[in-house]
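Asks: Structure incoming, see below.
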Amino acid sequence: MARIMTDIDHIKITKANQVVEIKLLEVGTRLKMRDQKVILAVVGQISPDDEDFKNYRITINELISLTGISKENLYRDIHSICTCLTTSAITIKEPSNPKGFLVTAWFSHAEYLPSDGLVEFAISPKLKPYLLQMKSSFTTYHLNQVAQLKSTYSFRLYELFRQFLPLNGVNNGRQAAFRDITLKDLREYLGVEKGRYPKFYDFRRYVLERSQAELKLHTDLMFDFNPVRKGRKVDSIKFKIGHNEKFVEVESEESIVDTVIPSDAAVHKDAMQYILSFIPDATSKQILTICRTYPREVFLEGLLDLMKAQSAGVVKGSDINYYIGILKNKRREDQAATKPESKSTEEKLTDRSWAEGLDLD
């Protein structure tokens, strides 16, 4: 089911760059993406003119919408989120004091108020210099740009990239930026546990490429990257950060989407926006059929597969037919997983019928 958008999604987030570049090394309980979204929803309530923190509140309905927690496990999940956000440590370093550091949690307390339908958060006082009355060296973005991200790696990369391609830079016509990050620093920024993805091939596949696809699909930023080697080992990554115009165009110009969505398809509107933004030649009938035929997670995974195929230059014919072929193949794989093997290995290797597409006209 699509996540319901609330007023909280239109919040603008502003953080000092020292907070953007925190290294997630001291975390006792790893923050999930849902925890990160709660942090953003609270930080986004801070006014630029505030001189001190207040107690910030999020309604239960907003929390459910923002994090995707279920009503059936409401108490358990809220308790888990509050525990993580008041105990998980972050480390902040100041350039002016390279040997020093600050270790703190995001919130000094979190209180669940079921009778009021609210959860109340108090931000750690030690974070005042990084969230209040900042005059320079800060990063700003909108919560709705990261609300659909599933991976914490994608979210952290978004913040690191937005720092170098700021909103005002985009508004002034700047469309690209470059950033070099050592592999060691990058792993620490992203909170990749020691010993996880020790080979760069796996780090590239499961962290960089997955985040690359997710940011392009869900946000206003996109990126390319090149590993830089010292000897035989990768020492750093050179990133090219770009402005994802297709995503912003669909998000900001409702009339474009409304002209191709039949009135009985309102429930599929956000899904149709995603598909249309990456396959402009798709008809409303084709998109509507896809939305009605396949679960949301399947057609989103199919879009990621399509982008990989486009990058590899293996797409033959139209994008929409190739995409429908991918979806048909996924459905066959799901069906095959619940049935005995019926084809020989040779037949499977030579079967390319899934790529023929589907005639919806």
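We name chains A, B, ... following the order of the structure tokens; residues begin at 1 in each chain, and ligands are numbered from 1 as shown.
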Out of region 176-248 of chain A, which residues get strand (DSSP E) from DSSP, as a list in words?
Replies: Ala176, Ala177, Phe178, Arg179, Asp180, Ile181, Thr182, Leu221, Met222, Phe223, Asp224, Phe225, Asn226, Pro227, Val228, Arg229, Lys230, Lys233, Val234, Asp235, Ser236, Ile237, Lys238, Phe239, Lys240, Ile241, Gly242 and His243 of chain A
Asks: Quick one: distance from CA of Glu301 (chain A) to CA of Leu327 (chain A) in Å, one decimal?
Replies: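 Computing it gives 8.9 Å between the two atoms.
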Asks: CA of Gln148 (chain A) and CA of Phe107 (chain A), how far apart in Å?
Replies: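 Separating CA of Phe107 (chain A) from CA of Gln148 (chain A) is a distance of 23.6 Å.
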Asks: May I have the residues within 8 Å of Phe239 (chain A) as a list in words, using only C-alpha atoms and disregarding those fewer than 3 positions away in the same chain?
Replies: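 Near neighbours after the sequence-gap exclusion: Phe178, Arg179, Asp180, Phe223, Asp224, Phe225 and Asn226 of chain A.
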Asks: With distances taken over only C-alpha atoms, which residue among A:Leu208, A:Leu131, A:Ile326, A:Leu217 lies nearest Arg156 (chain A)?
Replies: A:Leu208
Asks: Fewer than 4 positions away in the same chain doesn't count, so skip those; otherwise give me all residues within 8 Å of Met222 (chain A), counting only C-alpha atoms, as a ChimeraX atom specification.
Replies: /A:212,215-216,241-244
Asks: Next, write the just-selected residues to a file, as a CSV table (one decimal), in the first residue's frame, keeping C-alpha atoms as the atom set.
Replies:
chain,number,residue,atom,x,y,z
A,212,GLN,CA,22.4,4.9,-7.1
A,215,LEU,CA,18.1,7.9,-5.5
A,216,LYS,CA,17.4,8.1,-9.2
A,241,ILE,CA,26.3,14.5,-8.5
A,242,GLY,CA,23.5,15.6,-10.8
A,243,HIS,CA,20.1,17.2,-10.6
A,244,ASN,CA,17.3,14.6,-11.3
Asks: When you count only C-alpha atoms, which of these residues is closest to Gln36 (chain A): A:Leu304, A:Ile81, A:Ile64, A:Val119?
Replies: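 Nearest candidate to Gln36 (chain A) out of A:Leu304, A:Ile81, A:Ile64, A:Val119: A:Ile81.
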